[in-house]
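Student: The following block contains the structure, expressed as structure tokens.
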Amino acid sequence: MSTQDQNQNGYLLLYRSDEWYNTLSHEQLQEVINQNKAWVERLIAQGKAKPGHALERKGATVSGKNGRFVSDGPFAESKEVIGGYLLLDVATIQEAIAVAQTSPALAYNTLIEIRPVANECPLDVRARELAREEELVNA
Amino acid sequence: MSTQNQNQNGYMLLFRGTDLRKGLSPEELQKVTDNWMAWFKRLTEEGKAVAGNPLEREGKIVSGKDRVVSDGPFAESKEAIGGYFLLDVATMDEAVAIARECPGLPYGIRVEVRPVAGECPIAADLRDVRADAQLANA
């Protein structure tokens, strides 16, 4: 599949971490913030990233038919909470990985999930595949 | 804190659950997709959605000081993120009301609603800590 290696739509970086920053001193923290800011600004200047955003470590989760369940979450202490995102405008997953590997956040217990942005919804693609399979069976 | 109910920077909807297509007929699946696209189109026309994308199922994870690359997230799971919307609405209540319209909800999709931070929350924390320290030293 071409999307595994090449993608016209770019790649989304999702930052996942716990609240590691609570264990750092002011100075250490300021240094990480400055490093990260410089890193993102450099990528934007190179045309490799669009401005990303941090997410507040709180929110809600909606689930169930008609969204009848609304719960608090995600839980702040979880290691997997998504703390922010950055959209990379690069053409290959290898390039996206190479950019992610230079992130200053990796030194601080942060995982970076790299996901190709889809041109069309994978559900749509699957619906068409299923329809084709049915046609073949019925042919 | 004001960000719990009001937020100038908007909200992100993260759609969790990439396993809904199991057990659905092509027609049902097509209907969910069509409804989802119509929903996004309406929100965009209303000026409430400013961005949104589906994500491919496969991806990579980079982690640790050694910058190790592994495959992930697992192709189909209840937790994996299948896509996102960025909403330009001013309150959590409004963002949750929109999340409750998601056509995937009857099929097990969960929608995580997160306030977008105006500045990095870590930088904001640091400012608070500094302000406290100044008060303590005053």
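By order of appearance in the structure tokens: chains A, B, ..., then residues from 1 within every chain, and ligands from 1 in the order shown.
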Any chance you could list, as a tab-separated table (two decimals) with N, CA and C atoms, in the first residue's frame, the residues in chain A that come up strand (DSSP E) when DSSP is run on the backbone?

Tutor:
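Output contents, as saved in part.tsv:
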chain	number	residue	atom	x	y	z
A	11	TYR	N	1.43	13.95	7.93
A	11	TYR	CA	1.42	13.04	9.07
A	11	TYR	C	1.09	13.80	10.34
A	12	LEU	N	0.27	13.17	11.17
A	12	LEU	CA	-0.07	13.79	12.44
A	12	LEU	C	0.80	13.19	13.54
A	13	LEU	N	1.47	14.06	14.30
A	13	LEU	CA	2.20	13.59	15.47
A	13	LEU	C	1.31	13.81	16.69
A	14	LEU	N	1.10	12.74	17.46
A	14	LEU	CA	0.33	12.85	18.70
A	14	LEU	C	1.29	12.59	19.85
A	15	TYR	N	1.35	13.54	20.77
A	15	TYR	CA	2.25	13.41	21.92
A	15	TYR	C	1.51	12.75	23.05
A	16	ARG	N	2.06	11.65	23.55
A	16	ARG	CA	1.42	10.95	24.67
A	16	ARG	C	2.36	10.92	25.85
A	49	ALA	N	6.29	21.65	9.08
A	49	ALA	CA	5.20	21.51	10.06
A	49	ALA	C	4.28	22.71	10.00
A	50	LYS	N	3.02	22.46	10.38
A	50	LYS	CA	2.08	23.56	10.56
A	50	LYS	C	1.97	23.78	12.06
A	51	PRO	N	1.62	25.00	12.50
A	51	PRO	CA	1.57	25.23	13.93
A	51	PRO	C	0.68	24.20	14.64
A	52	GLY	N	1.20	23.60	15.68
A	52	GLY	CA	0.44	22.61	16.44
A	52	GLY	C	-0.09	23.24	17.71
A	53	HIS	N	-0.72	22.43	18.53
A	53	HIS	CA	-1.24	22.96	19.78
A	53	HIS	C	-1.08	21.94	20.89
A	54	ALA	N	-0.91	22.49	22.08
A	54	ALA	CA	-1.01	21.64	23.26
A	54	ALA	C	-2.49	21.53	23.61
A	60	ALA	N	-13.66	15.77	28.35
A	60	ALA	CA	-14.78	14.89	28.57
A	60	ALA	C	-14.73	13.79	27.51
A	61	THR	N	-15.34	12.67	27.83
A	61	THR	CA	-15.49	11.61	26.83
A	61	THR	C	-16.97	11.31	26.65
A	62	VAL	N	-17.40	11.34	25.41
A	62	VAL	CA	-18.81	11.10	25.07
A	62	VAL	C	-18.91	9.72	24.43
A	63	SER	N	-19.86	8.91	24.89
A	63	SER	CA	-20.02	7.57	24.30
A	63	SER	C	-21.47	7.12	24.39
A	69	PHE	N	-23.77	8.94	27.36
A	69	PHE	CA	-22.80	8.91	28.46
A	69	PHE	C	-21.77	10.02	28.26
A	70	VAL	N	-21.65	10.89	29.24
A	70	VAL	CA	-20.61	11.92	29.20
A	70	VAL	C	-19.82	11.79	30.50
A	71	SER	N	-18.53	11.44	30.37
A	71	SER	CA	-17.73	11.27	31.57
A	71	SER	C	-16.55	12.22	31.54
A	72	ASP	N	-15.98	12.48	32.72
A	72	ASP	CA	-14.77	13.29	32.77
A	72	ASP	C	-13.64	12.47	32.20
A	82	ILE	N	-3.09	12.21	25.54
A	82	ILE	CA	-2.54	13.00	24.44
A	82	ILE	C	-2.40	14.45	24.91
A	83	GLY	N	-1.17	14.94	24.89
A	83	GLY	CA	-0.89	16.26	25.43
A	83	GLY	C	-0.77	17.33	24.37
A	84	GLY	N	-0.75	16.90	23.11
A	84	GLY	CA	-0.66	17.89	22.05
A	84	GLY	C	-0.46	17.21	20.70
A	85	TYR	N	-0.45	18.02	19.66
A	85	TYR	CA	-0.29	17.46	18.32
A	85	TYR	C	0.44	18.43	17.42
A	86	LEU	N	0.99	17.89	16.36
A	86	LEU	CA	1.68	18.69	15.36
A	86	LEU	C	1.43	18.02	14.01
A	87	LEU	N	1.08	18.81	13.01
A	87	LEU	CA	0.81	18.27	11.68
A	87	LEU	C	2.05	18.48	10.82
A	88	LEU	N	2.63	17.38	10.36
A	88	LEU	CA	3.85	17.47	9.54
A	88	LEU	C	3.49	17.44	8.06
A	111	LEU	N	5.83	9.63	24.45
A	111	LEU	CA	5.76	8.82	23.23
A	111	LEU	C	5.22	9.70	22.13
A	112	ILE	N	5.73	9.53	20.94
A	112	ILE	CA	5.15	10.26	19.82
A	112	ILE	C	4.53	9.25	18.85
A	113	GLU	N	3.23	9.37	18.67
A	113	GLU	CA	2.53	8.50	17.72
A	113	GLU	C	2.49	9.22	16.38
A	114	ILE	N	2.87	8.52	15.33
A	114	ILE	CA	2.90	9.12	13.99
A	114	ILE	C	1.83	8.47	13.14
A	115	ARG	N	0.90	9.26	12.63
A	115	ARG	CA	-0.20	8.68	11.85
A	115	ARG	C	-0.35	9.39	10.51
A	116	PRO	N	-0.35	8.61	9.43
A	116	PRO	CA	-0.61	9.22	8.12
A	116	PRO	C	-2.02	9.79	8.10

Student: Using only C-alpha atoms, find each residue of chain A with at least one atom at most 8 Å away from an atom of chain B; report its shortest atom-to-atom pair and that distance in Å (one decimal), sort the rows by chain and rising residue number, and return the result as JSON lines.

Tutor:
{"residue": "A:Gln4", "atom": "CA", "partner": "B:Glu58", "partner_atom": "CA", "distance": 7.6}
{"residue": "A:Tyr21", "atom": "CA", "partner": "B:Ile122", "partner_atom": "CA", "distance": 7.1}
{"residue": "A:His26", "atom": "CA", "partner": "B:Leu126", "partner_atom": "CA", "distance": 6.6}
{"residue": "A:Leu29", "atom": "CA", "partner": "B:Leu126", "partner_atom": "CA", "distance": 7.4}
{"residue": "A:Gln30", "atom": "CA", "partner": "B:Ala123", "partner_atom": "CA", "distance": 7.6}
{"residue": "A:Ile33", "atom": "CA", "partner": "B:Ala123", "partner_atom": "CA", "distance": 6.8}
{"residue": "A:His53", "atom": "CA", "partner": "B:Ala117", "partner_atom": "CA", "distance": 6.6}
{"residue": "A:Ala54", "atom": "CA", "partner": "B:Ala117", "partner_atom": "CA", "distance": 5.3}
{"residue": "A:Leu55", "atom": "CA", "partner": "B:Val116", "partner_atom": "CA", "distance": 4.5}
{"residue": "A:Glu56", "atom": "CA", "partner": "B:Ala117", "partner_atom": "CA", "distance": 5.4}
{"residue": "A:Arg57", "atom": "CA", "partner": "B:Arg114", "partner_atom": "CA", "distance": 7.8}
{"residue": "A:Lys58", "atom": "CA", "partner": "B:Arg114", "partner_atom": "CA", "distance": 6.5}
{"residue": "A:Gly59", "atom": "CA", "partner": "B:Arg114", "partner_atom": "CA", "distance": 4.7}
{"residue": "A:Ala60", "atom": "CA", "partner": "B:Val113", "partner_atom": "CA", "distance": 5.1}
{"residue": "A:Thr61", "atom": "CA", "partner": "B:Glu112", "partner_atom": "CA", "distance": 4.4}
{"residue": "A:Val62", "atom": "CA", "partner": "B:Val111", "partner_atom": "CA", "distance": 5.0}
{"residue": "A:Ser63", "atom": "CA", "partner": "B:Arg110", "partner_atom": "CA", "distance": 4.6}
{"residue": "A:Gly64", "atom": "CA", "partner": "B:Leu105", "partner_atom": "CA", "distance": 5.4}
{"residue": "A:Lys65", "atom": "CA", "partner": "B:Pro106", "partner_atom": "CA", "distance": 4.3}
{"residue": "A:Asn66", "atom": "CA", "partner": "B:Arg100", "partner_atom": "CA", "distance": 5.9}
{"residue": "A:Gly67", "atom": "CA", "partner": "B:Arg100", "partner_atom": "CA", "distance": 4.3}
{"residue": "A:Arg68", "atom": "CA", "partner": "B:Arg100", "partner_atom": "CA", "distance": 7.5}
{"residue": "A:Gly73", "atom": "CA", "partner": "B:Glu112", "partner_atom": "CA", "distance": 7.7}
{"residue": "A:Pro74", "atom": "CA", "partner": "B:Glu112", "partner_atom": "CA", "distance": 7.6}
{"residue": "A:Ile97", "atom": "CA", "partner": "B:Val62", "partner_atom": "CA", "distance": 7.3}
{"residue": "A:Ala100", "atom": "CA", "partner": "B:Val62", "partner_atom": "CA", "distance": 6.9}
{"residue": "A:Gln101", "atom": "CA", "partner": "B:Arg67", "partner_atom": "CA", "distance": 5.6}
{"residue": "A:Leu106", "atom": "CA", "partner": "B:Gly64", "partner_atom": "CA", "distance": 5.3}
{"residue": "A:Ala107", "atom": "CA", "partner": "B:Lys65", "partner_atom": "CA", "distance": 4.7}
{"residue": "A:Tyr108", "atom": "CA", "partner": "B:Gly64", "partner_atom": "CA", "distance": 7.5}
{"residue": "A:Asn109", "atom": "CA", "partner": "B:Gly64", "partner_atom": "CA", "distance": 6.2}
{"residue": "A:Thr110", "atom": "CA", "partner": "B:Ser63", "partner_atom": "CA", "distance": 6.5}
{"residue": "A:Leu111", "atom": "CA", "partner": "B:Ser63", "partner_atom": "CA", "distance": 4.6}
{"residue": "A:Ile112", "atom": "CA", "partner": "B:Val62", "partner_atom": "CA", "distance": 5.1}
{"residue": "A:Glu113", "atom": "CA", "partner": "B:Ile61", "partner_atom": "CA", "distance": 4.5}
{"residue": "A:Ile114", "atom": "CA", "partner": "B:Lys60", "partner_atom": "CA", "distance": 5.1}
{"residue": "A:Arg115", "atom": "CA", "partner": "B:Gly59", "partner_atom": "CA", "distance": 4.7}
{"residue": "A:Pro116", "atom": "CA", "partner": "B:Glu56", "partner_atom": "CA", "distance": 5.4}
{"residue": "A:Val117", "atom": "CA", "partner": "B:Leu55", "partner_atom": "CA", "distance": 4.5}
{"residue": "A:Ala118", "atom": "CA", "partner": "B:Leu55", "partner_atom": "CA", "distance": 4.8}
{"residue": "A:Asn119", "atom": "CA", "partner": "B:Pro54", "partner_atom": "CA", "distance": 7.6}
{"residue": "A:Glu120", "atom": "CA", "partner": "B:Pro54", "partner_atom": "CA", "distance": 7.0}
{"residue": "A:Cys121", "atom": "CA", "partner": "B:Pro54", "partner_atom": "CA", "distance": 5.5}
{"residue": "A:Pro122", "atom": "CA", "partner": "B:Glu56", "partner_atom": "CA", "distance": 6.7}
{"residue": "A:Leu123", "atom": "CA", "partner": "B:Thr33", "partner_atom": "CA", "distance": 6.4}
{"residue": "A:Asp124", "atom": "CA", "partner": "B:Thr33", "partner_atom": "CA", "distance": 6.0}
{"residue": "A:Arg126", "atom": "CA", "partner": "B:Pro26", "partner_atom": "CA", "distance": 7.9}
{"residue": "A:Ala127", "atom": "CA", "partner": "B:Pro26", "partner_atom": "CA", "distance": 4.7}
{"residue": "A:Arg128", "atom": "CA", "partner": "B:Pro26", "partner_atom": "CA", "distance": 7.2}
{"residue": "A:Leu130", "atom": "CA", "partner": "B:Pro26", "partner_atom": "CA", "distance": 5.6}
{"residue": "A:Ala131", "atom": "CA", "partner": "B:Pro26", "partner_atom": "CA", "distance": 5.8}

Student: Can you tell me which residues surround Lys37 of chain A at a distance of at most 10 Å, considering only C-alpha atoms, apart from same-chain residues fewer than 5 positions away, and format the answer as a list in words?

Tutor: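 The residues that qualify are Glu31, Val32, Arg42 and Pro104 of chain A; Cys120 of chain B.
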
Student: Per DSSP on the backbone, what are the helix (DSSP H, G or I) residues of segment 67-100 of chain A, as JSON, numbers by chain?

Tutor: {"A": [67, 93, 94, 95, 96, 97, 98, 99, 100]}

Student: May I have the selected residues written with N, CA and C atoms, as a PDB file, in the first residue's frame?

Tutor:
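The file below, selection_11.pdb, is the result:
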ATOM      1  N   GLY A  67     -24.939   9.661  22.309  1.00  0.00           N
ATOM      2  CA  GLY A  67     -24.039  10.318  23.243  1.00  0.00           C
ATOM      3  C   GLY A  67     -24.596  10.439  24.645  1.00  0.00           C
ATOM      4  N   ILE A  93       6.716   8.425   5.440  1.00  0.00           N
ATOM      5  CA  ILE A  93       6.713   8.050   6.854  1.00  0.00           C
ATOM      6  C   ILE A  93       8.144   8.079   7.405  1.00  0.00           C
ATOM      7  N   GLN A  94       9.115   7.746   6.557  1.00  0.00           N
ATOM      8  CA  GLN A  94      10.516   7.775   7.006  1.00  0.00           C
ATOM      9  C   GLN A  94      10.917   9.194   7.425  1.00  0.00           C
ATOM     10  N   GLU A  95      10.462  10.168   6.640  1.00  0.00           N
ATOM     11  CA  GLU A  95      10.788  11.556   6.952  1.00  0.00           C
ATOM     12  C   GLU A  95      10.079  11.990   8.240  1.00  0.00           C
ATOM     13  N   ALA A  96       8.825  11.544   8.379  1.00  0.00           N
ATOM     14  CA  ALA A  96       8.065  11.878   9.584  1.00  0.00           C
ATOM     15  C   ALA A  96       8.739  11.280  10.824  1.00  0.00           C
ATOM     16  N   ILE A  97       9.216  10.039  10.685  1.00  0.00           N
ATOM     17  CA  ILE A  97       9.912   9.387  11.808  1.00  0.00           C
ATOM     18  C   ILE A  97      11.188  10.159  12.136  1.00  0.00           C
ATOM     19  N   ALA A  98      11.924  10.543  11.085  1.00  0.00           N
ATOM     20  CA  ALA A  98      13.185  11.262  11.302  1.00  0.00           C
ATOM     21  C   ALA A  98      12.941  12.574  12.038  1.00  0.00           C
ATOM     22  N   VAL A  99      11.852  13.275  11.683  1.00  0.00           N
ATOM     23  CA  VAL A  99      11.521  14.529  12.372  1.00  0.00           C
ATOM     24  C   VAL A  99      11.150  14.223  13.823  1.00  0.00           C
ATOM     25  N   ALA A 100      10.281  13.230  14.026  1.00  0.00           N
ATOM     26  CA  ALA A 100       9.836  12.903  15.389  1.00  0.00           C
ATOM     27  C   ALA A 100      11.016  12.539  16.284  1.00  0.00           C
TER      28      ALA A 100
END

Student: Rounded to one decimal place, report the atom CA of Asn138 of chain A-atom CA of Lys22 of chain B distance in Å.

Tutor: 21.1 Å

Student: Between atom CA of Gln6 of chain B and atom CA of Trp20 of chain A, measure the distance and give it in Å to one decimal.

Tutor: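 Atom CA of Trp20 of chain A lies 26.4 Å from atom CA of Gln6 of chain B.
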
Student: Measure the distance from atom CA of Ser17 of chain A to atom CA of Ala105 of chain A in Å and round it to one decimal.

Tutor: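 Straight-line distance from atom CA of Ser17 of chain A to atom CA of Ala105 of chain A works out to 9.5 Å.
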